[in-house]
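Colleague: Please find one structure pasted underneath; my questions will follow.
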Amino acid sequence: MRTVALACSALVLTACASTPEPGPGGGGGQETNQNDCAVIAAVAKEHYQFGPNNVPPPLWLFSEAGDWSPRCDWSRYGVSFPRTFDPDAPRAQGERVQWVQFRKPVYDGAGATIEAGILHGPLAGMGVECRVVSGIAGWTLADQCRNTWIS
């Protein structure tokens, strides 16, 4: 019996040692992608209050290097972005440009910080920096977002 118990303990320890636990930023790949999606959804729902009665403008996921494009199943997070924004698309003269932009979250041991912004028209927009934490309820805003720019 003791031998069986030791063998089971060794098996459990081996499984734990060989399966890395992703941190707040995930273990890369799909884990990071899903954390990024959940962080964006938390800001979309809690700060911007997007939902069925407040449809968001086109979504623009932005990174300086252009190397970040998470694939998100928004319905999983209770939010919907029916359109996306392409900054390089040609615009018709007088076309109203609108978007909500999220930059890649930056993770640390206590949660994540994300920059976001919204543009309603040529001189009507605002940027924010939000602190998001992970807990029992998933990713949620830690506090009010702080304004970073206003046009």
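Chain labels run A, B, ... following the order of the structure tokens; each chain numbers its residues from 1, and ligands are numbered from 1 in the order shown.
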Based on DSSP run over this structure's backbone, return all residues of range 23-135 of chain A in helix (DSSP H, G or I), as number ranges by chain.
Modeller: A: 29-46, 74-77
Colleague: Restricting the calculation to only C-alpha atoms: of A:Gly125, A:Val100, A:Ala92, A:Ala112, which residue gets closest to Leu141 in chain A?
Modeller: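 Among the listed residues, A:Ala112 lies closest to Leu141 in chain A.
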Colleague: Give me, please, the distance in Å between CA of Phe81 in chain A and CA of Val55 in chain A, quoted to one decimal.
Modeller: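 Distance between the two atoms: 7.7 Å.
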Colleague: List the neighbours of Lys45 in chain A out to 12 Å using only C-alpha atoms; skip same-chain residues closer than 2 positions along the sequence, and give me the result as an NGL selection string.
Modeller: :A and (38-43 or 47-56 or 74 or 77-81 or 139-141)
Colleague: Applying 7 Å and only C-alpha atoms, which residues near Gly127 in chain A remain after dropping the ones on its own chain fewer than 5 positions away? List them as a ChimeraX atom specification.
Modeller: /A:116-118,147-150
Colleague: State, in Å with one decimal place, the distance from CA of Gly138 in chain A to CA of Gly109 in chain A.
Modeller: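 Between these atoms lies a distance of 15.5 Å.
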Colleague: Just the residues within 7 Å of Glu115 in chain A, please, counting only C-alpha atoms, with nothing from its chain fewer than 6 positions along; format it as a ChimeraX atom specification.
Modeller: /A:102-103,128-130
Colleague: Using only C-alpha atoms, which residue out of A:Lys104, A:Ala110, A:Gly94, A:Ile136 lies closest to Ala65 in chain A?
Modeller: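 Under the stated criterion, the closest residue is A:Lys104.
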Colleague: So that I can check the secondary structure, give me every residue of range 97-141 of chain A assigned strand (DSSP E or B) by backbone DSSP, as an MDAnalysis selection string.
Modeller: chainID A and resid 99:103 106:108 111:121 124:135 138:141
Colleague: Quick one: pull the distance between CA of Ser63 in chain A and CA of Gln101 in chain A, Å, one decimal.
Modeller: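 Interatomic distance, CA of Ser63 in chain A to CA of Gln101 in chain A: 10.1 Å.
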